[in-house]
>>> print(open('query21.txt').read())   # compact mmCIF, C-alpha atoms
# COMPACT_ATOMS: atom_id res chain seq x y z
CA MET A 918 79.42 100.82 82.54
CA ASN A 919 76.50 98.62 81.50
CA SER A 920 73.16 98.00 83.22
CA TRP A 921 74.52 95.00 85.10
CA THR A 922 77.18 96.98 86.92
CA ARG A 923 75.16 100.05 87.89
CA PRO A 924 74.65 100.44 91.65
CA ASP A 925 70.90 100.92 91.05
CA PHE A 926 70.56 97.52 89.41
CA ALA A 927 68.25 96.24 92.15
CA TYR A 928 65.87 99.08 91.30
CA ASN A 929 65.99 98.07 87.64
CA ILE A 930 64.99 94.51 88.53
CA ARG A 931 61.85 95.73 90.26
CA GLN A 932 60.87 98.30 87.68
CA ARG A 933 61.70 97.15 84.19
CA PRO A 934 59.44 94.64 82.42
CA MET A 935 61.17 91.29 82.15
CA THR A 936 59.64 90.24 78.85
CA ASN A 937 56.72 90.93 76.55
CA LYS A 938 55.65 87.30 76.82
CA PRO A 939 53.62 86.37 79.92
CA LEU A 940 55.46 84.00 82.22
CA ALA A 941 53.59 80.86 83.22
CA ARG A 942 52.99 79.98 86.86
CA GLY A 943 51.75 76.91 88.61
CA GLY A 944 52.76 73.38 87.71
CA ALA A 945 54.01 70.75 90.14
CA LYS A 946 53.96 71.63 93.81
CA PRO A 947 57.47 72.75 94.85
CA LEU A 948 59.38 71.13 97.70
CA ARG A 949 59.86 74.55 99.30
CA GLN A 950 57.87 77.74 99.56
CA ALA A 951 58.32 79.93 96.49
CA SER A 952 59.03 82.92 98.71
CA ASP A 953 62.00 81.21 100.39
CA ARG A 954 65.12 83.24 99.75
CA MET A 955 68.53 81.73 99.13
CA LYS A 956 71.47 83.36 100.86
CA VAL A 957 73.95 84.86 98.40
CA LEU A 958 77.66 84.19 98.97
CA VAL A 959 80.24 86.11 96.91
CA GLY A 960 83.98 85.62 96.61
CA VAL A 961 85.93 88.85 97.17
CA ARG A 962 89.60 89.84 97.18
CA SER A 963 89.54 93.20 98.96
CA PHE A 964 87.61 95.19 101.54
CA LYS A 965 86.36 97.46 98.76
CA GLN A 966 84.84 94.51 96.92
CA ALA A 967 83.29 93.15 100.12
CA GLU A 968 81.74 96.54 100.88
CA PHE A 969 80.35 96.75 97.34
CA PHE A 970 78.62 93.37 97.40
CA LEU A 971 77.47 93.39 101.03
CA THR A 972 75.65 96.68 100.42
CA ARG A 973 74.02 95.40 97.21
CA GLY A 974 72.35 92.18 98.26
CA ALA A 975 75.07 89.72 99.26
CA ASP A 976 74.51 87.98 102.60
CA GLU A 977 77.98 86.50 102.91
CA VAL A 978 81.45 86.93 101.43
CA TYR A 979 84.38 84.55 101.33
CA CYS A 980 88.01 85.62 101.38
CA GLY A 981 91.44 84.08 100.92
CA LEU A 982 94.97 84.82 102.09
CA LEU A 983 98.14 83.92 100.23
CA ASP A 984 99.71 82.13 103.18
CA ILE A 985 96.70 79.85 103.70
CA PRO A 986 96.36 77.19 100.95
CA ASN A 987 93.34 77.91 98.75
CA HIS A 988 92.30 77.15 95.20
CA GLY A 989 92.85 80.56 93.68
CA MET A 990 95.33 82.86 92.00
CA ARG A 991 97.42 85.43 93.86
CA ALA A 992 95.20 88.16 92.40
CA GLU A 993 92.13 86.57 94.01
CA ASN A 994 93.48 86.86 97.56
CA PHE A 995 93.46 89.63 100.16
CA SER A 996 96.55 91.74 100.70
CA GLY A 997 96.82 90.88 104.39
CA VAL A 998 95.19 89.97 107.69
CA ASP A 999 94.33 93.56 108.66
CA GLU A 1000 92.16 94.03 105.57
CA LEU A 1001 90.52 90.69 106.28
CA HIS A 1002 89.66 91.70 109.86
CA ARG A 1003 88.23 94.96 108.56
CA THR A 1004 85.99 92.99 106.19
CA VAL A 1005 84.75 90.73 108.99
CA GLU A 1006 83.91 93.71 111.19
CA PHE A 1007 82.04 95.42 108.35
CA ALA A 1008 80.04 92.28 107.53
CA HIS A 1009 79.07 91.86 111.17
CA SER A 1010 78.02 95.52 111.42
CA LEU A 1011 75.42 94.73 108.73
CA GLY A 1012 74.33 91.48 110.37
CA LYS A 1013 76.08 89.50 107.63
CA LYS A 1014 78.91 86.97 107.50
CA ALA A 1015 82.46 86.49 106.23
CA PHE A 1016 84.09 83.12 105.55
CA LEU A 1017 87.70 82.12 105.08
CA VAL A 1018 88.54 79.99 102.04
CA ALA A 1019 91.15 77.30 102.72
CA ASN A 1020 90.04 74.85 100.04
CA ASP A 1021 93.31 73.25 99.04
CA VAL A 1022 95.50 70.49 100.41
CA PHE A 1023 97.71 71.70 103.27
CA PRO A 1024 101.32 70.57 102.62
CA ALA A 1025 102.77 68.55 105.50
CA ALA A 1026 105.71 70.93 105.92
CA ALA A 1027 103.42 73.94 106.35
CA PHE A 1028 100.42 72.21 107.91
CA ASP A 1029 100.79 73.34 111.53
CA GLU A 1030 101.52 76.95 110.61
CA ALA A 1031 98.64 77.22 108.13
CA ALA A 1032 96.19 75.45 110.46
CA GLY A 1033 97.25 77.78 113.27
CA LYS A 1034 96.47 80.82 111.13
CA VAL A 1035 93.05 79.41 110.25
CA GLU A 1036 92.32 78.81 113.94
CA ALA A 1037 93.42 82.34 114.86
CA LEU A 1038 91.15 83.86 112.21
CA LEU A 1039 88.18 81.79 113.39
CA GLU A 1040 88.81 82.89 116.96
CA GLY A 1041 89.13 86.46 115.66
CA GLY A 1042 85.61 86.50 114.25
CA MET A 1043 85.50 84.68 110.91
CA ASP A 1044 82.12 82.97 110.65
CA GLY A 1045 83.41 79.76 109.11
CA VAL A 1046 85.94 78.20 106.79
CA ILE A 1047 85.63 76.55 103.37
CA ILE A 1048 87.82 73.45 103.22
CA ARG A 1049 88.74 70.53 101.02
CA ASP A 1050 91.41 68.65 102.99
CA LEU A 1051 90.03 65.95 105.29
CA ALA A 1052 93.22 66.20 107.35
CA VAL A 1053 92.36 69.83 108.14
CA LEU A 1054 88.87 68.86 109.25
CA ASP A 1055 90.18 66.05 111.46
CA HIS A 1056 92.81 68.38 112.93
CA PHE A 1057 90.20 70.83 114.15
CA LYS A 1058 87.92 68.05 115.35
CA ARG A 1059 90.72 66.67 117.52
CA ARG A 1060 91.24 70.15 118.93
CA GLY A 1061 87.55 70.35 119.80
CA MET A 1062 86.87 73.42 117.65
CA ASP A 1063 83.16 74.02 117.19
CA ALA A 1064 83.40 75.98 113.93
CA TYR A 1065 81.17 76.21 110.86
CA PHE A 1066 82.91 74.16 108.18
CA VAL A 1067 81.89 74.27 104.52
CA LEU A 1068 82.92 71.42 102.21
CA SER A 1069 84.20 72.77 98.90
CA THR A 1070 83.36 71.17 95.55
CA LEU A 1071 87.03 70.16 95.62
CA GLY A 1072 86.10 67.75 98.42
CA LEU A 1073 84.49 65.55 95.73
CA CYS A 1074 81.36 64.64 97.67
CA PHE A 1075 78.98 63.05 95.14
CA ASN A 1076 76.54 60.99 97.18
CA ALA A 1077 74.62 60.82 100.44
CA THR A 1078 76.91 58.21 102.00
CA THR A 1079 79.96 60.42 101.53
CA LEU A 1080 78.01 63.42 102.78
CA LYS A 1081 77.12 61.58 106.00
CA PHE A 1082 80.81 60.73 106.41
CA PHE A 1083 81.74 64.42 106.25
CA LYS A 1084 78.80 65.40 108.46
CA GLU A 1085 80.11 63.09 111.19
CA ARG A 1086 83.43 64.93 111.00
CA GLY A 1087 81.92 68.36 111.49
CA ILE A 1088 80.77 69.68 108.11
CA SER A 1089 77.83 72.12 108.34
CA ARG A 1090 77.43 73.00 104.66
CA ILE A 1091 78.26 71.40 101.33
CA VAL A 1092 78.87 73.12 98.01
CA LEU A 1093 77.31 70.83 95.41
CA PRO A 1094 79.71 69.66 92.69
CA GLN A 1095 78.63 71.28 89.44
CA GLN A 1096 78.66 67.96 87.61
CA LEU A 1097 75.81 66.50 89.69
CA THR A 1098 72.34 66.36 88.17
CA PRO A 1099 69.30 66.98 90.41
CA ASP A 1100 68.30 63.30 90.23
CA GLU A 1101 71.78 62.23 91.33
CA ALA A 1102 71.88 64.79 94.14
CA ARG A 1103 68.36 64.25 95.48
CA PRO A 1104 69.35 61.75 98.24
CA MET A 1105 71.79 64.37 99.57
CA PHE A 1106 68.89 66.73 100.34
CA ASP A 1107 68.09 64.86 103.53
CA ARG A 1108 66.72 67.25 106.13
CA LYS A 1109 67.65 64.81 108.89
CA LEU A 1110 71.31 65.65 108.23
CA GLY A 1111 70.63 69.28 109.12
CA LEU A 1112 73.12 70.56 106.52
CA ASP A 1113 73.00 73.75 104.50
CA ILE A 1114 73.28 73.12 100.76
CA GLU A 1115 75.02 75.61 98.51
CA MET A 1116 75.16 75.72 94.72
CA PHE A 1117 76.71 77.81 91.99
CA CYS A 1118 74.42 79.62 89.57
CA LEU A 1119 75.00 76.84 87.05
CA PRO A 1120 73.69 78.52 83.88
CA LEU A 1121 76.21 81.33 84.40
CA PHE A 1122 79.15 79.48 85.95
CA TYR A 1123 79.75 75.86 84.99
CA GLU A 1124 82.97 73.85 84.87
CA ILE A 1125 83.19 70.73 82.74
CA ASN A 1126 85.94 68.91 84.62
CA LEU A 1127 86.45 68.07 88.27
CA ASN A 1128 88.86 70.76 89.48
CA ALA A 1129 90.43 68.53 92.09
CA LEU A 1130 91.38 65.90 89.50
CA CYS A 1131 92.00 67.94 86.35
CA SER A 1132 95.63 68.29 85.22
CA LEU A 1133 94.96 70.13 81.96
CA SER A 1134 96.52 73.54 81.37
CA CYS A 1135 94.26 76.22 82.80
CA PRO A 1136 94.54 79.98 83.46
CA CYS A 1137 93.57 79.53 87.11
CA SER A 1138 96.62 77.33 87.68
CA GLN A 1139 99.06 79.94 86.39
CA GLU A 1140 99.88 83.49 87.34
CA ILE A 1141 99.20 86.39 85.00
CA VAL A 1142 102.19 87.88 83.20
CA PRO A 1143 101.59 91.53 82.20
CA GLY A 1144 101.48 91.90 78.43
CA LYS A 1145 101.24 88.16 77.87
CA GLU A 1146 97.99 86.46 76.93
CA PRO A 1147 97.00 83.86 79.56
CA PRO A 1148 96.74 80.22 78.48
CA LYS A 1149 93.45 78.99 77.11
CA TYR A 1150 91.21 76.46 78.77
CA THR A 1151 92.41 73.17 77.32
CA CYS A 1152 89.10 71.48 78.15
CA LEU A 1153 87.24 74.03 76.01
CA SER A 1154 89.53 73.63 73.01
CA ALA A 1155 88.61 71.36 70.13
CA ILE A 1156 90.83 68.39 69.30
CA ARG A 1157 91.53 68.07 65.61
CA CYS A 1158 91.81 64.56 64.28
CA GLU A 1159 90.92 62.53 61.25
CA GLY A 1160 87.25 63.01 60.52
CA GLY A 1161 86.87 66.44 62.10
CA SER A 1162 87.21 68.38 65.33
CA TYR A 1163 85.89 67.15 68.65
CA SER A 1164 85.10 69.07 71.84
CA MET A 1165 84.13 68.00 75.33
CA PRO A 1166 80.35 68.14 75.68
CA MET A 1167 78.85 70.82 77.90
CA PRO A 1168 75.19 70.97 78.97
CA ASP A 1169 73.28 73.66 77.11
CA THR A 1170 71.85 76.72 78.83
CA GLY A 1171 68.34 75.28 79.03
CA THR A 1172 69.61 72.17 80.80
CA LEU A 1173 71.62 74.18 83.33
CA LEU A 1174 68.71 76.53 83.99
CA GLY A 1175 66.59 73.44 84.64
CA TYR A 1176 69.16 72.10 87.10
CA PHE A 1177 69.25 75.46 88.90
CA TYR A 1178 65.44 75.51 89.08
CA ASP A 1179 65.29 71.96 90.45
CA PHE A 1180 68.03 72.44 93.05
CA TYR A 1181 66.23 75.52 94.35
CA HIS A 1182 62.95 73.65 94.73
CA MET A 1183 64.73 70.67 96.29
CA GLY A 1184 65.88 72.98 99.08
CA ALA A 1185 69.27 74.52 98.22
CA ASN A 1186 69.50 77.50 100.55
CA CYS A 1187 72.66 79.27 99.43
CA MET A 1188 73.90 80.47 96.03
CA LYS A 1189 77.61 80.97 95.42
CA VAL A 1190 79.14 83.59 93.12
CA ALA A 1191 82.75 82.69 92.34
CA ARG A 1192 85.61 85.09 92.94
CA GLY A 1193 87.91 86.16 90.13
CA PRO A 1194 90.59 88.69 89.18
CA ASN A 1195 88.34 90.54 86.73
CA ALA A 1196 86.17 92.79 88.90
CA SER A 1197 83.66 93.85 86.24
CA GLU A 1198 82.98 90.25 85.31
CA VAL A 1199 82.40 89.21 88.94
CA VAL A 1200 80.00 92.15 89.31
CA GLU A 1201 78.10 91.08 86.20
CA LEU A 1202 78.01 87.48 87.37
CA PHE A 1203 76.69 88.61 90.76
CA PHE A 1204 73.84 90.75 89.46
CA LYS A 1205 72.74 88.21 86.87
CA SER A 1206 72.83 85.41 89.47
CA VAL A 1207 70.79 87.49 91.93
CA TYR A 1208 68.28 88.27 89.19
CA LEU A 1209 67.79 84.59 88.38
CA ALA A 1210 67.40 83.81 92.09
CA LYS A 1211 64.71 86.49 92.35
CA LEU A 1212 62.82 84.85 89.49
CA LEU A 1213 62.77 81.60 91.47
CA GLU A 1214 61.53 83.42 94.57
CA LYS A 1215 58.66 84.83 92.52
CA GLY A 1216 57.39 81.27 92.04
CA LEU A 1217 57.72 81.06 88.26
CA SER A 1218 56.95 77.77 86.57
CA ARG A 1219 59.82 75.86 84.98
CA GLU A 1220 58.66 77.01 81.53
CA GLY A 1221 58.55 80.66 82.58
CA PHE A 1222 61.90 80.48 84.35
CA LEU A 1223 63.64 78.88 81.37
CA PHE A 1224 62.14 81.43 78.97
CA GLU A 1225 63.37 84.44 80.94
CA GLY A 1226 66.58 82.73 82.04
CA LYS A 1227 67.72 82.07 78.48
CA ARG A 1228 67.40 85.76 77.71
CA ILE A 1229 69.51 86.70 80.73
CA CYS A 1230 72.13 84.04 80.00
CA ALA A 1231 72.45 84.85 76.30
CA SER A 1232 75.77 86.63 76.85
CA ALA A 1233 77.07 84.47 79.71
CA GLN A 1234 80.59 83.08 79.91
CA ASN A 1235 80.08 79.57 81.23
CA TYR A 1236 83.37 79.67 83.07
CA GLY A 1237 82.59 83.06 84.52
CA LYS A 1238 86.16 84.37 84.50
CA ARG A 1239 88.41 86.26 82.14
CA TYR A 1240 91.91 86.23 83.53
CA ILE A 1241 92.65 89.94 83.46
CA VAL A 1242 93.44 91.63 86.75
CA GLN A 1243 90.98 94.47 87.08
CA HIS A 1244 90.30 96.34 90.29
CA LEU A 1245 86.84 97.39 91.42
>>> encode(input="query21.txt", output="structure tokens")
Amino acid sequence: MNSWTRPDFAYNIRQRPMTNKPLARGGAKPLRQASDRMKVLVGVRSFKQAEFFLTRGADEVYCGLLDIPNHGMRAENFSGVDELHRTVEFAHSLGKKAFLVANDVFPAAAFDEAAGKVEALLEGGMDGVIIRDLAVLDHFKRRGMDAYFVLSTLGLCFNATTLKFFKERGISRIVLPQQLTPDEARPMFDRKLGLDIEMFCLPLFYEINLNALCSLSCPCSQEIVPGKEPPKYTCLSAIRCEGGSYSMPMPDTGTLLGYFYDFYHMGANCMKVARGPNASEVVELFFKSVYLAKLLEKGLSREGFLFEGKRICASAQNYGKRYIVQHL
């Protein structure tokens, strides 16, 4: 077990020196107070995982069920409703929250049944639901449900006009698409909308393509077969042709750290840690993400944040997941 997965990691953050080089402070006046803390949301697939993260700094968890459409593998979902209710009760006992993930299109044939299960879970104590399907949102609006709805990146909301459209239909929080730059997203940080804005820790978890539109072969679209190596990410593979090999461009670590820094100072108030079947990798992603968030809360300058951030991200997997089922 490495230093990122030890239960006393939070102690290590406070005690160990971050670098031998002094970190610069100051610079342009931020759009938020440096001490403002982002909420940390983590994807979990069992009560045991939820308990682990909620007692180590997570403010919220999100959970999926196999019989409610969501963008995840079987191994990323809870075993059943009872375990989900237990997770909600535990989160509430700590003054924290649990969300349901239903971020896929609901098939017409199963729509009423799936929507009914979502409604029952919300009435049973879930603090909100992450969605993609506009039909689901309109369904609950017609039923007069006053729930906390989170728009997934799969909702493909890339500008302020679209965000206002979803706001009018009941959205309370948006997860920023990873492909947006801070300059492109700036008009969406309109305090008049009264929306919470959530982002991934981009330097540690970044996806090149738009998930909702990508049809390339991908491990997350296929189930794991024991003893068989999962398919590779097609979008990360080089294409060989006359004149050499070509790969899809990905922003470098410094660029993504800069985006993360800017989004924080623009007012993003929630950081999302993606769920996955590999428990040790999700744990590592969580602790590294929390560490980077703490650097922002310390009020480091951009230069100082990028210097320390590059050291932390040196061993990062940009996609954040290895498709090996591993239990916590």
>>> residues_around(input="query21.txt", residues="range 1003-1019 of chain A", least_positions_apart="2", cutoff="8 Å", atoms="only C-alpha atoms", output="CSV table (one decimal) with C-alpha atoms, in the coordinates of the input")
chain,number,residue,atom,x,y,z
A,964,PHE,CA,87.6,95.2,101.5
A,967,ALA,CA,83.3,93.2,100.1
A,968,GLU,CA,81.7,96.5,100.9
A,971,LEU,CA,77.5,93.4,101.0
A,976,ASP,CA,74.5,88.0,102.6
A,977,GLU,CA,78.0,86.5,102.9
A,978,VAL,CA,81.4,86.9,101.4
A,979,TYR,CA,84.4,84.6,101.3
A,980,CYS,CA,88.0,85.6,101.4
A,981,GLY,CA,91.4,84.1,100.9
A,985,ILE,CA,96.7,79.8,103.7
A,986,PRO,CA,96.4,77.2,101.0
A,987,ASN,CA,93.3,77.9,98.8
A,988,HIS,CA,92.3,77.2,95.2
A,999,ASP,CA,94.3,93.6,108.7
A,1000,GLU,CA,92.2,94.0,105.6
A,1001,LEU,CA,90.5,90.7,106.3
A,1021,ASP,CA,93.3,73.2,99.0
A,1035,VAL,CA,93.0,79.4,110.2
A,1042,GLY,CA,85.6,86.5,114.2
A,1043,MET,CA,85.5,84.7,110.9
A,1044,ASP,CA,82.1,83.0,110.6
A,1045,GLY,CA,83.4,79.8,109.1
A,1046,VAL,CA,85.9,78.2,106.8
A,1047,ILE,CA,85.6,76.6,103.4
A,1048,ILE,CA,87.8,73.4,103.2
A,1049,ARG,CA,88.7,70.5,101.0
>>> atom_distance(input="query21.txt", atom1="CA of Ala1185 in chain A", atom2="CA of Gly1111 in chain A")
12.2 Å
>>> residues_around(input="query21.txt", residues="Met1167 in chain A", least_positions_apart="5", cutoff="10 Å", atoms="all atoms listed in the file", output="list in words")
Tyr1123, Glu1124, Ile1125, Asn1126, Leu1153, Thr1172, Leu1173 and Asn1235 of chain A
>>> atom_distance(input="query21.txt", atom1="CA of Phe1204 in chain A", atom2="CA of Arg973 in chain A")
9.0 Å
>>> atom_distance(input="query21.txt", atom1="CA of Leu1213 in chain A", atom2="CA of Phe1180 in chain A")
10.7 Å
>>> closest_residue(input="query21.txt", among="A:Ser1069, A:Ala1196, A:Thr1079, A:Glu1036", to="Phe969 in chain A", atoms="all atoms listed in the file")
A:Ala1196
>>> closest_residue(input="query21.txt", among="A:Leu1039, A:Cys1158, A:Leu1093, A:Ala1077", to="Met1062 in chain A", atoms="all atoms listed in the file")
A:Leu1039
>>> residues_around(input="query21.txt", residues="Leu1071 in chain A", least_positions_apart="6", cutoff="8 Å", atoms="only C-alpha atoms", output="ChimeraX atom specification")
/A:1020-1021,1049,1094,1127-1129
>>> residues_around(input="query21.txt", residues="range 992-996 of chain A", least_positions_apart="5", cutoff="6 Å", atoms="all atoms listed in the file", output="list in words")
Arg962, Ser963, Gly981, Leu982, Gly1193 and Pro1194 of chain A
>>> closest_residue(input="query21.txt", among="A:Tyr1208, A:Tyr1065, A:Tyr1163, A:Phe1222", to="Glu1040 in chain A", atoms="all atoms listed in the file")
A:Tyr1065
>>> closest_residue(input="query21.txt", among="A:Ala1064, A:Gly989, A:Asp984, A:Gly1072", to="Glu1030 in chain A", atoms="only C-alpha atoms")
A:Asp984
>>> closest_residue(input="query21.txt", among="A:Ala1026, A:Ala1210, A:Ala1031, A:Pro1168", to="Gln1096 in chain A", atoms="all atoms listed in the file")
A:Pro1168
>>> closest_residue(input="query21.txt", among="A:His1002, A:Lys1205, A:Arg991, A:Lys1081", to="Ala1231 in chain A", atoms="only C-alpha atoms")
A:Lys1205
